[in-house]
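**Student:** Pasting structure-v5.pdb below, which is PDB, C-alpha atoms and all ligand atoms.
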ATOM      1  CA  MET A  12     -11.742  -8.258   9.562  1.00  0.00           C
ATOM      2  CA  ALA A  13     -10.644  -5.112  11.374  1.00  0.00           C
ATOM      3  CA  VAL A  14      -7.321  -5.410  13.147  1.00  0.00           C
ATOM      4  CA  GLN A  15      -7.439  -4.631  16.887  1.00  0.00           C
ATOM      5  CA  ILE A  16      -4.427  -4.058  19.127  1.00  0.00           C
ATOM      6  CA  ASN A  17      -4.870  -4.681  22.857  1.00  0.00           C
ATOM      7  CA  PRO A  18      -1.874  -3.703  25.005  1.00  0.00           C
ATOM      8  CA  SER A  19      -1.496  -5.906  28.089  1.00  0.00           C
ATOM      9  CA  ILE A  20      -1.040  -3.908  31.270  1.00  0.00           C
ATOM     10  CA  LEU A  21       0.812  -6.895  32.744  1.00  0.00           C
ATOM     11  CA  SER A  22       3.937  -5.276  31.293  1.00  0.00           C
ATOM     12  CA  ALA A  23       3.000  -1.754  32.443  1.00  0.00           C
ATOM     13  CA  ASP A  24       4.229   0.027  35.575  1.00  0.00           C
ATOM     14  CA  PHE A  25       1.671  -1.093  38.190  1.00  0.00           C
ATOM     15  CA  SER A  26       2.426   1.950  40.366  1.00  0.00           C
ATOM     16  CA  ARG A  27       1.169   4.232  37.543  1.00  0.00           C
ATOM     17  CA  LEU A  28      -1.643   2.200  35.989  1.00  0.00           C
ATOM     18  CA  ALA A  29      -3.888   5.144  35.097  1.00  0.00           C
ATOM     19  CA  ASP A  30      -1.044   6.955  33.283  1.00  0.00           C
ATOM     20  CA  GLU A  31       0.012   3.745  31.548  1.00  0.00           C
ATOM     21  CA  ALA A  32      -3.549   3.239  30.317  1.00  0.00           C
ATOM     22  CA  LYS A  33      -3.579   6.756  28.878  1.00  0.00           C
ATOM     23  CA  ALA A  34      -0.191   6.194  27.212  1.00  0.00           C
ATOM     24  CA  VAL A  35      -1.810   3.924  24.609  1.00  0.00           C
ATOM     25  CA  GLU A  36      -4.578   6.135  23.203  1.00  0.00           C
ATOM     26  CA  GLY A  37      -4.506   4.294  19.881  1.00  0.00           C
ATOM     27  CA  ALA A  38      -5.330   0.977  21.520  1.00  0.00           C
ATOM     28  CA  ASP A  39      -8.664  -0.699  20.828  1.00  0.00           C
ATOM     29  CA  TRP A  40      -8.898  -2.347  24.242  1.00  0.00           C
ATOM     30  CA  LEU A  41      -6.730  -2.558  27.353  1.00  0.00           C
ATOM     31  CA  HIS A  42      -5.940  -6.196  28.100  1.00  0.00           C
ATOM     32  CA  VAL A  43      -6.101  -6.931  31.829  1.00  0.00           C
ATOM     33  CA  ASP A  44      -4.539 -10.217  32.989  1.00  0.00           C
ATOM     34  CA  VAL A  45      -6.212 -11.537  36.131  1.00  0.00           C
ATOM     35  CA  MET A  46      -4.196 -14.363  37.747  1.00  0.00           C
ATOM     36  CA  ASP A  47      -5.066 -16.168  40.973  1.00  0.00           C
ATOM     37  CA  ASN A  48      -1.904 -18.183  41.778  1.00  0.00           C
ATOM     38  CA  HIS A  49      -3.928 -21.400  41.309  1.00  0.00           C
ATOM     39  CA  PHE A  50      -4.857 -21.684  37.628  1.00  0.00           C
ATOM     40  CA  VAL A  51      -1.449 -20.150  36.854  1.00  0.00           C
ATOM     41  CA  PRO A  52       1.622 -19.763  39.101  1.00  0.00           C
ATOM     42  CA  ASN A  53       1.326 -15.986  39.359  1.00  0.00           C
ATOM     43  CA  LEU A  54      -0.843 -13.449  41.174  1.00  0.00           C
ATOM     44  CA  THR A  55      -1.828 -10.096  39.692  1.00  0.00           C
ATOM     45  CA  LEU A  56      -5.006  -8.141  40.370  1.00  0.00           C
ATOM     46  CA  GLY A  57      -8.739  -8.514  40.898  1.00  0.00           C
ATOM     47  CA  VAL A  58     -12.117  -6.822  40.769  1.00  0.00           C
ATOM     48  CA  PRO A  59     -11.282  -3.587  42.697  1.00  0.00           C
ATOM     49  CA  VAL A  60      -8.348  -2.767  40.397  1.00  0.00           C
ATOM     50  CA  VAL A  61     -10.441  -3.468  37.288  1.00  0.00           C
ATOM     51  CA  GLU A  62     -13.119  -1.147  38.641  1.00  0.00           C
ATOM     52  CA  ALA A  63     -10.579   1.615  39.320  1.00  0.00           C
ATOM     53  CA  LEU A  64      -8.919   1.202  35.920  1.00  0.00           C
ATOM     54  CA  GLY A  65     -12.280   1.411  34.183  1.00  0.00           C
ATOM     55  CA  LYS A  66     -12.871   4.796  35.802  1.00  0.00           C
ATOM     56  CA  ALA A  67      -9.387   6.014  34.821  1.00  0.00           C
ATOM     57  CA  THR A  68      -9.636   5.405  31.070  1.00  0.00           C
ATOM     58  CA  ASP A  69     -12.118   5.574  28.181  1.00  0.00           C
ATOM     59  CA  THR A  70     -10.490   2.562  26.532  1.00  0.00           C
ATOM     60  CA  PRO A  71     -12.659  -0.509  27.100  1.00  0.00           C
ATOM     61  CA  LEU A  72     -11.259  -3.304  29.248  1.00  0.00           C
ATOM     62  CA  ASP A  73     -10.606  -6.804  27.918  1.00  0.00           C
ATOM     63  CA  CYS A  74     -10.276  -8.977  31.044  1.00  0.00           C
ATOM     64  CA  HIS A  75      -8.395 -12.246  30.594  1.00  0.00           C
ATOM     65  CA  LEU A  76      -9.246 -14.405  33.601  1.00  0.00           C
ATOM     66  CA  MET A  77      -6.529 -16.957  34.369  1.00  0.00           C
ATOM     67  CA  ILE A  78      -8.348 -18.185  37.462  1.00  0.00           C
ATOM     68  CA  GLU A  79      -9.979 -21.273  38.902  1.00  0.00           C
ATOM     69  CA  ASP A  80     -13.778 -21.302  39.092  1.00  0.00           C
ATOM     70  CA  PRO A  81     -14.519 -18.577  36.521  1.00  0.00           C
ATOM     71  CA  ASP A  82     -18.185 -19.705  36.719  1.00  0.00           C
ATOM     72  CA  ARG A  83     -18.271 -18.080  40.132  1.00  0.00           C
ATOM     73  CA  TRP A  84     -16.049 -15.034  39.563  1.00  0.00           C
ATOM     74  CA  ALA A  85     -16.412 -13.887  35.942  1.00  0.00           C
ATOM     75  CA  PRO A  86     -19.772 -12.067  36.366  1.00  0.00           C
ATOM     76  CA  ALA A  87     -18.165  -9.753  38.948  1.00  0.00           C
ATOM     77  CA  TYR A  88     -15.735  -8.509  36.288  1.00  0.00           C
ATOM     78  CA  VAL A  89     -18.649  -7.494  34.052  1.00  0.00           C
ATOM     79  CA  GLU A  90     -20.193  -5.666  37.012  1.00  0.00           C
ATOM     80  CA  ALA A  91     -16.805  -3.981  37.613  1.00  0.00           C
ATOM     81  CA  GLY A  92     -16.992  -2.500  34.109  1.00  0.00           C
ATOM     82  CA  ALA A  93     -15.174  -4.925  31.780  1.00  0.00           C
ATOM     83  CA  GLY A  94     -16.426  -4.731  28.207  1.00  0.00           C
ATOM     84  CA  SER A  95     -15.114  -8.193  27.394  1.00  0.00           C
ATOM     85  CA  VAL A  96     -14.511 -11.111  29.739  1.00  0.00           C
ATOM     86  CA  THR A  97     -12.444 -14.149  28.746  1.00  0.00           C
ATOM     87  CA  PHE A  98     -12.534 -17.368  30.773  1.00  0.00           C
ATOM     88  CA  HIS A  99     -10.357 -20.438  30.248  1.00  0.00           C
ATOM     89  CA  VAL A 100     -12.257 -23.505  29.053  1.00  0.00           C
ATOM     90  CA  GLU A 101      -9.889 -25.681  31.111  1.00  0.00           C
ATOM     91  CA  ALA A 102     -11.202 -24.020  34.285  1.00  0.00           C
ATOM     92  CA  ALA A 103     -14.892 -23.563  33.456  1.00  0.00           C
ATOM     93  CA  ALA A 104     -17.410 -26.083  34.771  1.00  0.00           C
ATOM     94  CA  ALA A 105     -20.228 -24.905  32.460  1.00  0.00           C
ATOM     95  CA  PRO A 106     -18.791 -22.787  29.628  1.00  0.00           C
ATOM     96  CA  VAL A 107     -22.081 -22.322  27.757  1.00  0.00           C
ATOM     97  CA  ARG A 108     -23.941 -21.190  30.857  1.00  0.00           C
ATOM     98  CA  LEU A 109     -21.060 -18.883  31.753  1.00  0.00           C
ATOM     99  CA  ALA A 110     -20.833 -17.331  28.265  1.00  0.00           C
ATOM    100  CA  ARG A 111     -24.595 -16.700  28.326  1.00  0.00           C
ATOM    101  CA  GLU A 112     -24.342 -15.081  31.742  1.00  0.00           C
ATOM    102  CA  ILE A 113     -21.506 -12.776  30.648  1.00  0.00           C
ATOM    103  CA  ARG A 114     -23.495 -11.723  27.563  1.00  0.00           C
ATOM    104  CA  ALA A 115     -26.703 -11.280  29.558  1.00  0.00           C
ATOM    105  CA  LYS A 116     -24.871  -8.922  31.907  1.00  0.00           C
ATOM    106  CA  GLY A 117     -23.834  -6.813  28.898  1.00  0.00           C
ATOM    107  CA  ALA A 118     -20.232  -7.757  28.084  1.00  0.00           C
ATOM    108  CA  ARG A 119     -18.659  -9.671  25.228  1.00  0.00           C
ATOM    109  CA  ALA A 120     -18.035 -13.299  26.137  1.00  0.00           C
ATOM    110  CA  ALA A 121     -14.757 -14.951  25.192  1.00  0.00           C
ATOM    111  CA  MET A 122     -13.163 -18.330  25.794  1.00  0.00           C
ATOM    112  CA  ALA A 123      -9.428 -19.046  25.968  1.00  0.00           C
ATOM    113  CA  LEU A 124      -7.476 -22.176  25.085  1.00  0.00           C
ATOM    114  CA  LYS A 125      -4.080 -23.010  26.596  1.00  0.00           C
ATOM    115  CA  PRO A 126      -1.490 -24.202  24.056  1.00  0.00           C
ATOM    116  CA  ALA A 127      -2.220 -27.911  24.642  1.00  0.00           C
ATOM    117  CA  THR A 128      -6.019 -27.517  24.445  1.00  0.00           C
ATOM    118  CA  PRO A 129      -7.461 -28.272  20.987  1.00  0.00           C
ATOM    119  CA  ILE A 130     -10.290 -26.230  19.468  1.00  0.00           C
ATOM    120  CA  GLU A 131     -12.106 -29.120  17.796  1.00  0.00           C
ATOM    121  CA  PRO A 132     -14.043 -30.432  20.875  1.00  0.00           C
ATOM    122  CA  TYR A 133     -15.491 -26.933  21.332  1.00  0.00           C
ATOM    123  CA  GLU A 134     -16.666 -26.278  17.768  1.00  0.00           C
ATOM    124  CA  ASP A 135     -20.351 -26.396  18.748  1.00  0.00           C
ATOM    125  CA  LEU A 136     -19.789 -23.722  21.420  1.00  0.00           C
ATOM    126  CA  LEU A 137     -18.566 -21.096  18.953  1.00  0.00           C
ATOM    127  CA  PRO A 138     -21.986 -19.441  18.378  1.00  0.00           C
ATOM    128  CA  GLU A 139     -22.166 -18.768  22.139  1.00  0.00           C
ATOM    129  CA  LEU A 140     -18.991 -16.656  22.019  1.00  0.00           C
ATOM    130  CA  ASP A 141     -17.958 -13.219  20.788  1.00  0.00           C
ATOM    131  CA  MET A 142     -14.260 -14.051  20.750  1.00  0.00           C
ATOM    132  CA  LEU A 143     -11.958 -17.068  20.956  1.00  0.00           C
ATOM    133  CA  LEU A 144      -8.481 -16.611  22.481  1.00  0.00           C
ATOM    134  CA  VAL A 145      -5.708 -18.908  21.273  1.00  0.00           C
ATOM    135  CA  MET A 146      -2.826 -18.620  23.760  1.00  0.00           C
ATOM    136  CA  THR A 147       0.541 -18.454  22.048  1.00  0.00           C
ATOM    137  CA  VAL A 148       2.495 -18.944  25.319  1.00  0.00           C
ATOM    138  CA  GLU A 149       1.705 -20.939  28.455  1.00  0.00           C
ATOM    139  CA  PRO A 150      -0.394 -18.500  30.497  1.00  0.00           C
ATOM    140  CA  GLY A 151       1.115 -16.980  33.618  1.00  0.00           C
ATOM    141  CA  PHE A 152       3.814 -14.514  32.626  1.00  0.00           C
ATOM    142  CA  GLY A 153       4.559 -11.743  30.154  1.00  0.00           C
ATOM    143  CA  GLY A 154       7.710 -11.610  28.074  1.00  0.00           C
ATOM    144  CA  GLN A 155       7.767 -15.254  26.973  1.00  0.00           C
ATOM    145  CA  ALA A 156       8.764 -16.445  23.514  1.00  0.00           C
ATOM    146  CA  PHE A 157       5.965 -16.864  20.956  1.00  0.00           C
ATOM    147  CA  LEU A 158       5.052 -20.521  20.320  1.00  0.00           C
ATOM    148  CA  ASP A 159       4.934 -20.734  16.544  1.00  0.00           C
ATOM    149  CA  ILE A 160       3.608 -24.290  16.784  1.00  0.00           C
ATOM    150  CA  MET A 161       0.276 -22.555  17.586  1.00  0.00           C
ATOM    151  CA  LEU A 162      -0.025 -21.129  14.056  1.00  0.00           C
ATOM    152  CA  PRO A 163      -1.849 -24.203  12.659  1.00  0.00           C
ATOM    153  CA  LYS A 164      -4.356 -23.980  15.543  1.00  0.00           C
ATOM    154  CA  ILE A 165      -5.007 -20.305  14.721  1.00  0.00           C
ATOM    155  CA  ARG A 166      -5.579 -21.294  11.087  1.00  0.00           C
ATOM    156  CA  ARG A 167      -7.911 -24.187  11.981  1.00  0.00           C
ATOM    157  CA  THR A 168      -9.868 -21.977  14.393  1.00  0.00           C
ATOM    158  CA  ARG A 169     -10.385 -19.301  11.724  1.00  0.00           C
ATOM    159  CA  GLU A 170     -11.578 -21.996   9.314  1.00  0.00           C
ATOM    160  CA  LEU A 171     -14.110 -23.276  11.871  1.00  0.00           C
ATOM    161  CA  ILE A 172     -15.368 -19.740  12.532  1.00  0.00           C
ATOM    162  CA  SER A 173     -15.815 -19.176   8.785  1.00  0.00           C
ATOM    163  CA  ARG A 174     -17.491 -22.579   8.287  1.00  0.00           C
ATOM    164  CA  HIS A 175     -20.084 -21.613  10.906  1.00  0.00           C
ATOM    165  CA  GLY A 176     -20.594 -18.221   9.235  1.00  0.00           C
ATOM    166  CA  LEU A 177     -19.764 -16.404  12.470  1.00  0.00           C
ATOM    167  CA  GLU A 178     -18.523 -12.840  12.932  1.00  0.00           C
ATOM    168  CA  MET A 179     -16.584 -13.667  16.085  1.00  0.00           C
ATOM    169  CA  TRP A 180     -13.112 -12.302  16.792  1.00  0.00           C
ATOM    170  CA  LEU A 181      -9.984 -14.458  17.055  1.00  0.00           C
ATOM    171  CA  GLN A 182      -7.473 -13.181  19.599  1.00  0.00           C
ATOM    172  CA  VAL A 183      -3.849 -14.227  20.095  1.00  0.00           C
ATOM    173  CA  ASP A 184      -1.967 -13.564  23.333  1.00  0.00           C
ATOM    174  CA  GLY A 185       1.654 -14.230  24.239  1.00  0.00           C
ATOM    175  CA  GLY A 186       4.876 -13.223  22.520  1.00  0.00           C
ATOM    176  CA  VAL A 187       3.066 -11.050  19.969  1.00  0.00           C
ATOM    177  CA  SER A 188       5.581  -8.521  18.615  1.00  0.00           C
ATOM    178  CA  ALA A 189       6.775  -6.885  15.407  1.00  0.00           C
ATOM    179  CA  SER A 190       8.493 -10.135  14.477  1.00  0.00           C
ATOM    180  CA  THR A 191       5.494 -12.438  15.068  1.00  0.00           C
ATOM    181  CA  ILE A 192       2.314 -10.411  14.447  1.00  0.00           C
ATOM    182  CA  GLU A 193       2.319 -10.812  10.662  1.00  0.00           C
ATOM    183  CA  ARG A 194       2.328 -14.618  10.916  1.00  0.00           C
ATOM    184  CA  CYS A 195      -0.583 -14.463  13.381  1.00  0.00           C
ATOM    185  CA  ALA A 196      -2.544 -12.160  11.067  1.00  0.00           C
ATOM    186  CA  GLU A 197      -1.866 -14.326   8.021  1.00  0.00           C
ATOM    187  CA  ALA A 198      -3.108 -17.352   9.981  1.00  0.00           C
ATOM    188  CA  GLY A 199      -6.414 -15.580  10.690  1.00  0.00           C
ATOM    189  CA  ALA A 200      -6.087 -13.719  14.002  1.00  0.00           C
ATOM    190  CA  ASP A 201      -7.627 -10.247  14.136  1.00  0.00           C
ATOM    191  CA  VAL A 202      -7.218  -9.220  17.817  1.00  0.00           C
ATOM    192  CA  PHE A 203      -3.636  -8.971  19.045  1.00  0.00           C
ATOM    193  CA  VAL A 204      -2.568  -8.736  22.688  1.00  0.00           C
ATOM    194  CA  ALA A 205       0.905  -7.303  23.178  1.00  0.00           C
ATOM    195  CA  GLY A 206       2.462  -6.649  26.578  1.00  0.00           C
ATOM    196  CA  SER A 207       6.228  -6.354  26.446  1.00  0.00           C
ATOM    197  CA  ALA A 208       6.196  -5.284  22.783  1.00  0.00           C
ATOM    198  CA  VAL A 209       4.104  -2.226  23.739  1.00  0.00           C
ATOM    199  CA  TYR A 210       5.079  -1.296  27.296  1.00  0.00           C
ATOM    200  CA  GLY A 211       8.709  -2.309  26.774  1.00  0.00           C
ATOM    201  CA  ALA A 212       8.954   0.199  23.905  1.00  0.00           C
ATOM    202  CA  GLU A 213      10.163   3.763  24.391  1.00  0.00           C
ATOM    203  CA  ASP A 214       6.918   5.091  22.892  1.00  0.00           C
ATOM    204  CA  PRO A 215       4.067   2.631  23.661  1.00  0.00           C
ATOM    205  CA  ASP A 216       1.511   4.392  21.455  1.00  0.00           C
ATOM    206  CA  LYS A 217       3.923   4.326  18.507  1.00  0.00           C
ATOM    207  CA  ALA A 218       4.447   0.605  19.118  1.00  0.00           C
ATOM    208  CA  VAL A 219       0.655   0.123  18.899  1.00  0.00           C
ATOM    209  CA  ARG A 220       0.578   1.973  15.559  1.00  0.00           C
ATOM    210  CA  GLU A 221       3.476  -0.080  14.205  1.00  0.00           C
ATOM    211  CA  LEU A 222       1.921  -3.385  15.251  1.00  0.00           C
ATOM    212  CA  ARG A 223      -1.385  -2.347  13.666  1.00  0.00           C
ATOM    213  CA  ALA A 224       0.318  -1.419  10.388  1.00  0.00           C
ATOM    214  CA  LEU A 225       2.154  -4.747  10.247  1.00  0.00           C
ATOM    215  CA  ALA A 226      -1.038  -6.747  10.882  1.00  0.00           C
ATOM    216  CA  GLU A 227      -3.029  -4.708   8.375  1.00  0.00           C
ATOM    217  CA  ASN A 228      -0.367  -5.091   5.698  1.00  0.00           C
ATOM    218  CA  ALA A 229      -0.207  -8.827   6.317  1.00  0.00           C
ATOM    219  CA  THR A 230      -3.926  -9.244   5.693  1.00  0.00           C
ATOM    220  CA  GLY A 231      -4.598  -6.358   3.334  1.00  0.00           C
ATOM    221  CA  THR A 232      -7.113  -4.832   5.739  1.00  0.00           C
ATOM    222  CA  THR A 233      -7.460  -1.287   6.934  1.00  0.00           C
ATOM    223  CA  GLY A 234      -9.767  -1.367   9.915  1.00  0.00           C
ATOM    224  CA  LEU A 235     -11.301   1.232  12.129  1.00  0.00           C
ATOM    225  CA  CYS A 236      -8.805   2.875  14.431  1.00  0.00           C
ATOM    226  CA  GLY A 237      -8.635   2.908  18.201  1.00  0.00           C
ATOM    227  CA  HIS A 238     -11.755   2.469  20.269  1.00  0.00           C
ATOM    228  CA  GLN A 239     -14.023   2.839  17.193  1.00  0.00           C
ATOM    229  CA  ALA A 240     -13.443  -0.812  16.401  1.00  0.00           C
ATOM    230  CA  ALA A 241     -14.200  -1.924  19.932  1.00  0.00           C
ATOM    231  CA  GLY A 242     -17.528  -2.363  21.628  1.00  0.00           C
ATOM    232  CA  ARG A 243     -20.243  -4.886  21.143  1.00  0.00           C
TER     233      ARG A 243
HETATM  234  O1  LIG B 301      -1.956 -13.576  29.300  1.00  0.00           O
HETATM  235  C1  LIG B 301      -0.786 -13.245  29.353  1.00  0.00           C
HETATM  236  C2  LIG B 301       0.215 -14.115  30.023  1.00  0.00           C
HETATM  237  O2  LIG B 301      -0.404 -15.222  30.543  1.00  0.00           O
HETATM  238  C3  LIG B 301      -0.357 -11.888  28.791  1.00  0.00           C
HETATM  239  O3  LIG B 301      -1.490 -11.245  28.245  1.00  0.00           O
HETATM  240  C4  LIG B 301       0.747 -11.998  27.765  1.00  0.00           C
HETATM  241  O4  LIG B 301       1.803 -12.733  28.219  1.00  0.00           O
HETATM  242  C5  LIG B 301       1.197 -10.636  27.279  1.00  0.00           C
HETATM  243  O5  LIG B 301       2.547 -10.413  27.445  1.00  0.00           O
HETATM  244  P1  LIG B 301       3.637 -10.529  26.272  1.00  0.00           P
HETATM  245  O6  LIG B 301       3.068  -9.817  25.077  1.00  0.00           O
HETATM  246  O7  LIG B 301       4.836  -9.866  26.847  1.00  0.00           O
HETATM  247  O8  LIG B 301       3.833 -11.999  25.987  1.00  0.00           O
HETATM  248 FE    FE B 302      -3.500 -12.258  28.612  1.00  0.00          FE
END
Here is a file; write its structure as structure tokens.
**Tutor:**
Amino acid sequence: MAVQINPSILSADFSRLADEAKAVEGADWLHVDVMDNHFVPNLTLGVPVVEALGKATDTPLDCHLMIEDPDRWAPAYVEAGAGSVTFHVEAAAAPVRLAREIRAKGARAAMALKPATPIEPYEDLLPELDMLLVMTVEPGFGGQAFLDIMLPKIRRTRELISRHGLEMWLQVDGGVSASTIERCAEAGADVFVAGSAVYGAEDPDKAVRELRALAENATGTTGLCGHQAAGR
């Protein structure tokens, strides 16, 4: 399992997005939080900004859609250039059809679970996905405290992935920092979203390197670096 670090631009300076994207050269993906003020009580950005960001950086975009009706809107994010598109299972009407559509359009398909959503009912969907996202805060805002009661869910999800013999990635998002990333890695996560821990640091790229080293030490892995690990 190669460790991947995905800085969340939710904590970046939105007036300088292109520069902020370039400030984390060692990142595997840029995590882009799309919020619609309906699925979550916050409003961020949409398709035109994703398209512009994709042109401003070589780092692939990992779009986390916290929106109602992802069945209707997710394909547009693939067309806008996202390399990975994550929809919330709580909002999707037809998650299998949607995952297949995202893959058919050429992106990685991922499904997210809010903290109170269990993984077990969705076990049979795992082969349809490239990544599962276990939220470690209630979605909607950056800078929240990590919910360590999610660690057993991360562990159970990794066990299910292994039982099915799948290669899929397991992402954690929310409150991931130098003091929580090792526990996430030990529990089986391999893709780590970090917003405030990266963009709140004096040197964001150094913060990425430090988070990567902590996760790798926790699992005894030394993965590919930067964008080499990303891609389909
Ligand atoms: O999806 C999210 C919030 O809903 C963000 O990706 C997440 O909160 C990242 O920020 P931080 O690392 O500061 O918690
Ligand atoms: Fe996110």
**Student:** What does the distance between atom CA of A:Lys164 and atom CA of A:Met146 come to in Å, to one decimal place?
**Tutor:** 9.9 Å
**Student:** Which protein, DNA or RNA residues have an atom within 7 Å of ligand LIG 301 (chain B), counting all atoms listed in the file, as an mmCIF file with C-alpha atoms, in the frame of the given file?
**Tutor:**
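What follows is the written file selection19.cif:
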data_model
loop_
_atom_site.group_PDB
_atom_site.id
_atom_site.type_symbol
_atom_site.label_atom_id
_atom_site.label_comp_id
_atom_site.auth_asym_id
_atom_site.auth_seq_id
_atom_site.Cartn_x
_atom_site.Cartn_y
_atom_site.Cartn_z
ATOM 1 C CA SER A 19 -1.496 -5.906 28.089
ATOM 2 C CA LEU A 21 0.812 -6.895 32.744
ATOM 3 C CA SER A 22 3.937 -5.276 31.293
ATOM 4 C CA HIS A 42 -5.940 -6.196 28.100
ATOM 5 C CA ASP A 44 -4.539 -10.217 32.989
ATOM 6 C CA HIS A 75 -8.395 -12.246 30.594
ATOM 7 C CA VAL A 148 2.495 -18.944 25.319
ATOM 8 C CA GLU A 149 1.705 -20.939 28.455
ATOM 9 C CA PRO A 150 -0.394 -18.500 30.497
ATOM 10 C CA GLY A 151 1.115 -16.980 33.618
ATOM 11 C CA PHE A 152 3.814 -14.514 32.626
ATOM 12 C CA GLY A 153 4.559 -11.743 30.154
ATOM 13 C CA GLY A 154 7.710 -11.610 28.074
ATOM 14 C CA GLN A 155 7.767 -15.254 26.973
ATOM 15 C CA ASP A 184 -1.967 -13.564 23.333
ATOM 16 C CA GLY A 185 1.654 -14.230 24.239
ATOM 17 C CA GLY A 186 4.876 -13.223 22.520
ATOM 18 C CA VAL A 187 3.066 -11.050 19.969
ATOM 19 C CA VAL A 204 -2.568 -8.736 22.688
ATOM 20 C CA ALA A 205 0.905 -7.303 23.178
ATOM 21 C CA GLY A 206 2.462 -6.649 26.578
ATOM 22 C CA SER A 207 6.228 -6.354 26.446
ATOM 23 C CA ALA A 208 6.196 -5.284 22.783
#
**Student:** Tell me which of A:Ala218, A:Pro59, A:Thr97, A:Leu54 sits closest to A:Leu76, counting all atoms listed in the file.
**Tutor:** A:Thr97
**Student:** Set the distance at 8 Å and use all atoms listed in the file: which residues neighbour A:Arg166 once local chain neighbours fewer than 4 positions away are removed? I'd like the list as number ranges by chain.
**Tutor:** A: 162, 170, 198-199
**Student:** If I take atom CA of A:Thr230 and atom CA of A:Ala196, how far is one from the other in Å, to one decimal?
**Tutor:**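 Between atom CA of A:Thr230 and atom CA of A:Ala196 the gap is 6.3 Å.
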